[in-house]
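Shown next, in structure tokens, is the structure this report addresses.
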Amino acid sequence: MGFLTVKGECKQYSGKILFGDDMLKSISAEVLVKSINTKDASRDKTITSKGYLNTKEYPIIKFQSTSVVKEKRKDFLIGFMEIKGVKKEIKIPFKLFFLKDKKRVQLMLQTKILRKDFQLDFGSMDTLIGDKITIDLLIEGKNNQK
């Protein structure tokens, strides 16, 4: 049996990032689940169907940070992720970069979640799908700090 990694992206999302004293203070974000794109329309339809992510009942994935901490010289964002109505606290390592004389900011985050923590059980297909979902984010924007 072979292993396959499927990559995808979300095309519709919104969020807010707050900074203070050149430090990340908080993040809130929402992703429109039906905007998931794995470059395979049939797979996307299955992923967003009632048996999987159920976009009709749960159209949005949410994240709201509660704190930013430093541990062993690494920065972490702690907050609540909500998928399919299940809200769990997660810890996300991140790197923050200021670009072009601090007028732009870049935030890199990567974490893994256990899909079963969010009740992402897929019936007969469950054994074919890995237990972990990797989330990679690269966010770039204006730095409005004075």
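Lettering and numbering for the structure tokens are positional, with chains as A, B, ... in the shown order, residues counted from 1 in each chain, and ligands counted from 1 in the shown order.
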- Query: Excluding same-chain residues fewer than 5 positions from Lys142 of chain A, what lies within 8 Å of it counting only C-alpha atoms, as a PyMOL selection string?
  - Reply: chain A and resi 103-105
Using only C-alpha atoms, what does the table of segment 74-99 of chain A residues within 12 Å of segment 12-28 of chain A look like, with each row giving the shortest atom pair and its distance in Å to one decimal, sorted by chain and ascending number, as a Markdown table?
```
| residue | atom | partner | partner_atom | distance |
| --- | --- | --- | --- | --- |
| A:Asp75 | CA | A:Leu24 | CA | 9.5 |
| A:Phe76 | CA | A:Leu24 | CA | 10.0 |
| A:Leu77 | CA | A:Ser26 | CA | 8.0 |
| A:Ile78 | CA | A:Ser26 | CA | 9.2 |
| A:Gly79 | CA | A:Ile27 | CA | 8.8 |
| A:Phe80 | CA | A:Ser28 | CA | 9.6 |
| A:Met81 | CA | A:Ser28 | CA | 9.9 |
| A:Glu82 | CA | A:Ser28 | CA | 11.6 |
| A:Ile92 | CA | A:Ile27 | CA | 11.5 |
| A:Phe94 | CA | A:Leu24 | CA | 9.8 |
| A:Lys95 | CA | A:Leu24 | CA | 9.8 |
| A:Leu96 | CA | A:Leu24 | CA | 7.7 |
| A:Phe97 | CA | A:Asp22 | CA | 9.7 |
| A:Phe98 | CA | A:Asp22 | CA | 8.5 |
| A:Leu99 | CA | A:Asp22 | CA | 11.9 |
```
Using DSSP on the backbone coordinates, identify the residues of segment 46-144 of chain A assigned to helix (DSSP H, G or I); present them as a PDB file with C-alpha atoms, in the first residue's frame.
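And here's out21.pdb as it stands now:
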```
ATOM      1  CA  THR A  46     -16.055  14.658  -1.278  1.00  0.00           C
ATOM      2  CA  ILE A  47     -14.030  16.592   1.329  1.00  0.00           C
ATOM      3  CA  ARG A 115      -8.200  14.901  12.661  1.00  0.00           C
ATOM      4  CA  LYS A 116     -10.072  12.682  15.118  1.00  0.00           C
ATOM      5  CA  ASP A 117      -9.734  15.436  17.765  1.00  0.00           C
ATOM      6  CA  PHE A 118     -12.149  17.376  15.545  1.00  0.00           C
ATOM      7  CA  GLY A 123     -16.339   5.788   7.849  1.00  0.00           C
ATOM      8  CA  SER A 124     -15.072   3.059   5.545  1.00  0.00           C
ATOM      9  CA  MET A 125     -12.412   5.408   4.146  1.00  0.00           C
ATOM     10  CA  ASP A 126     -11.042   6.114   7.635  1.00  0.00           C
ATOM     11  CA  THR A 127      -8.227   3.549   7.419  1.00  0.00           C
ATOM     12  CA  LEU A 128      -6.992   5.055   4.140  1.00  0.00           C
TER      13      LEU A 128
END
```
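Near Ile139 of chain A, within a cut-off of 9 Å and counting only C-alpha atoms, sit the residues Val105, Gln106, Leu107, Met108 and Leu109 of chain A, with same-chain residues fewer than 4 positions away left out.
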Since we have the selection now, will you write its residues out, keeping N, CA and C atoms, as a PDB file, in the first residue's frame?
```pdb
ATOM      1  N   VAL A 105       5.143  42.911   6.976  1.00  0.00           N
ATOM      2  CA  VAL A 105       5.376  41.848   7.950  1.00  0.00           C
ATOM      3  C   VAL A 105       5.056  40.505   7.300  1.00  0.00           C
ATOM      4  N   GLN A 106       5.819  39.499   7.681  1.00  0.00           N
ATOM      5  CA  GLN A 106       5.590  38.148   7.196  1.00  0.00           C
ATOM      6  C   GLN A 106       5.533  37.217   8.403  1.00  0.00           C
ATOM      7  N   LEU A 107       4.530  36.382   8.423  1.00  0.00           N
ATOM      8  CA  LEU A 107       4.309  35.460   9.529  1.00  0.00           C
ATOM      9  C   LEU A 107       4.236  34.049   8.950  1.00  0.00           C
ATOM     10  N   MET A 108       5.096  33.159   9.451  1.00  0.00           N
ATOM     11  CA  MET A 108       5.122  31.770   9.004  1.00  0.00           C
ATOM     12  C   MET A 108       4.695  30.880  10.165  1.00  0.00           C
ATOM     13  N   LEU A 109       3.689  30.035   9.912  1.00  0.00           N
ATOM     14  CA  LEU A 109       3.182  29.125  10.934  1.00  0.00           C
ATOM     15  C   LEU A 109       3.061  27.722  10.344  1.00  0.00           C
TER      16      LEU A 109
END
```
- Query: So which residues touch segment 50-55 of chain A within 10 Å, counting only C-alpha atoms, skipping near sequence neighbours fewer than 5 positions away, as a ChimeraX atom specification?
  - Reply: /A:32-35,45,60-61,83-84,119-123
Would you mind exporting C-alpha atoms of the selected residues as an mmCIF file, in the first residue's frame?
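The resulting file, result02.cif, is shown below:
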```
data_model
loop_
_atom_site.group_PDB
_atom_site.id
_atom_site.type_symbol
_atom_site.label_atom_id
_atom_site.label_comp_id
_atom_site.auth_asym_id
_atom_site.auth_seq_id
_atom_site.Cartn_x
_atom_site.Cartn_y
_atom_site.Cartn_z
ATOM 1 C CA LEU A 32 -14.702 29.282 4.204
ATOM 2 C CA VAL A 33 -14.621 25.471 4.011
ATOM 3 C CA LYS A 34 -16.211 25.282 0.558
ATOM 4 C CA SER A 35 -13.182 27.193 -0.781
ATOM 5 C CA LYS A 45 -16.602 17.719 -3.486
ATOM 6 C CA ILE A 60 -16.432 27.976 8.540
ATOM 7 C CA ILE A 61 -13.213 26.818 10.236
ATOM 8 C CA ILE A 83 -13.726 22.569 12.973
ATOM 9 C CA LYS A 84 -17.181 21.004 12.517
ATOM 10 C CA GLN A 119 -14.443 14.393 14.848
ATOM 11 C CA LEU A 120 -13.128 14.048 11.314
ATOM 12 C CA ASP A 121 -13.983 10.367 10.983
ATOM 13 C CA PHE A 122 -14.578 9.131 7.477
ATOM 14 C CA GLY A 123 -16.339 5.788 7.849
#
```
- Task: Could you please determine the separation between atom CA of Ala41 of chain A and atom CA of Val86 of chain A in Å, to one decimal place?
- Result: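 Interatomic distance, atom CA of Ala41 of chain A to atom CA of Val86 of chain A: 26.2 Å.
The closest residue to Ile36 of chain A, picked from A:Gln64, A:Lys74, A:Lys7, A:Lys112 and counting only C-alpha atoms, is A:Lys7.
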- Item | Which of segment 62-136 of chain A DSSP labels strand (DSSP E or B), written as a PyMOL selection string | chain A and resi 62-71+74-83+86-99+104-114+132-136
Selection from above, C-alpha atoms, as a PDB file, in the first residue's frame, can you write it?
```pdb
ATOM      1  CA  LYS A  62     -12.181  29.300  12.938  1.00  0.00           C
ATOM      2  CA  PHE A  63      -9.075  30.124  14.947  1.00  0.00           C
ATOM      3  CA  GLN A  64      -8.782  32.633  17.799  1.00  0.00           C
ATOM      4  CA  SER A  65      -5.541  33.072  19.689  1.00  0.00           C
ATOM      5  CA  THR A  66      -5.542  33.447  23.455  1.00  0.00           C
ATOM      6  CA  SER A  67      -1.843  34.076  24.074  1.00  0.00           C
ATOM      7  CA  VAL A  68       1.643  34.258  22.614  1.00  0.00           C
ATOM      8  CA  VAL A  69       4.443  32.536  24.537  1.00  0.00           C
ATOM      9  CA  LYS A  70       8.147  31.922  24.162  1.00  0.00           C
ATOM     10  CA  GLU A  71       9.565  28.531  25.125  1.00  0.00           C
ATOM     11  CA  LYS A  74      10.774  29.527  20.069  1.00  0.00           C
ATOM     12  CA  ASP A  75       7.580  31.544  19.741  1.00  0.00           C
ATOM     13  CA  PHE A  76       4.189  29.860  20.005  1.00  0.00           C
ATOM     14  CA  LEU A  77       0.666  31.016  19.384  1.00  0.00           C
ATOM     15  CA  ILE A  78      -1.897  29.387  21.667  1.00  0.00           C
ATOM     16  CA  GLY A  79      -5.562  29.493  20.828  1.00  0.00           C
ATOM     17  CA  PHE A  80      -8.730  27.668  19.888  1.00  0.00           C
ATOM     18  CA  MET A  81      -9.340  26.003  16.536  1.00  0.00           C
ATOM     19  CA  GLU A  82     -12.924  25.137  15.656  1.00  0.00           C
ATOM     20  CA  ILE A  83     -13.726  22.569  12.973  1.00  0.00           C
ATOM     21  CA  VAL A  86     -15.561  21.066  17.782  1.00  0.00           C
ATOM     22  CA  LYS A  87     -13.353  23.607  19.535  1.00  0.00           C
ATOM     23  CA  LYS A  88      -9.889  22.531  20.730  1.00  0.00           C
ATOM     24  CA  GLU A  89      -6.943  24.428  22.124  1.00  0.00           C
ATOM     25  CA  ILE A  90      -3.842  24.137  19.940  1.00  0.00           C
ATOM     26  CA  LYS A  91      -0.273  25.446  20.129  1.00  0.00           C
ATOM     27  CA  ILE A  92       1.313  26.688  16.901  1.00  0.00           C
ATOM     28  CA  PRO A  93       5.013  27.558  16.503  1.00  0.00           C
ATOM     29  CA  PHE A  94       5.588  30.654  14.388  1.00  0.00           C
ATOM     30  CA  LYS A  95       8.275  32.906  12.963  1.00  0.00           C
ATOM     31  CA  LEU A  96       7.749  36.628  12.484  1.00  0.00           C
ATOM     32  CA  PHE A  97       9.736  38.729  10.022  1.00  0.00           C
ATOM     33  CA  PHE A  98       9.623  42.457   9.373  1.00  0.00           C
ATOM     34  CA  LEU A  99      10.413  43.393   5.768  1.00  0.00           C
ATOM     35  CA  ARG A 104       5.673  44.899   5.763  1.00  0.00           C
ATOM     36  CA  VAL A 105       5.376  41.848   7.950  1.00  0.00           C
ATOM     37  CA  GLN A 106       5.590  38.148   7.196  1.00  0.00           C
ATOM     38  CA  LEU A 107       4.309  35.460   9.529  1.00  0.00           C
ATOM     39  CA  MET A 108       5.122  31.770   9.004  1.00  0.00           C
ATOM     40  CA  LEU A 109       3.182  29.125  10.934  1.00  0.00           C
ATOM     41  CA  GLN A 110       3.128  25.350  10.741  1.00  0.00           C
ATOM     42  CA  THR A 111       1.358  22.837  12.943  1.00  0.00           C
ATOM     43  CA  LYS A 112      -0.242  19.413  12.838  1.00  0.00           C
ATOM     44  CA  ILE A 113      -3.621  18.504  14.228  1.00  0.00           C
ATOM     45  CA  LEU A 114      -5.121  15.104  14.858  1.00  0.00           C
ATOM     46  CA  LYS A 132      -2.591  14.018  11.121  1.00  0.00           C
ATOM     47  CA  ILE A 133      -3.374  17.090   9.081  1.00  0.00           C
ATOM     48  CA  THR A 134      -0.525  19.532   8.493  1.00  0.00           C
ATOM     49  CA  ILE A 135      -1.434  23.207   8.386  1.00  0.00           C
ATOM     50  CA  ASP A 136       1.046  25.591   6.749  1.00  0.00           C
TER      51      ASP A 136
END
```
- Please provide as a list in words all residues within 10 Å of Thr38 of chain A, with the sequence filter that same-chain residues fewer than 5 positions apart are discarded (counting only C-alpha atoms). Val6, Lys7, Gly8, Glu9, Cys10, Arg43, Asp44 and Ile47 of chain A
- What gap, in Å, lies between atom CA of Gly85 of chain A and atom CA of Tyr58 of chain A? 6.8 Å
- Atom pair atom CA of Lys102 of chain A + atom CA of Ala29 of chain A, distance 22.9 Å
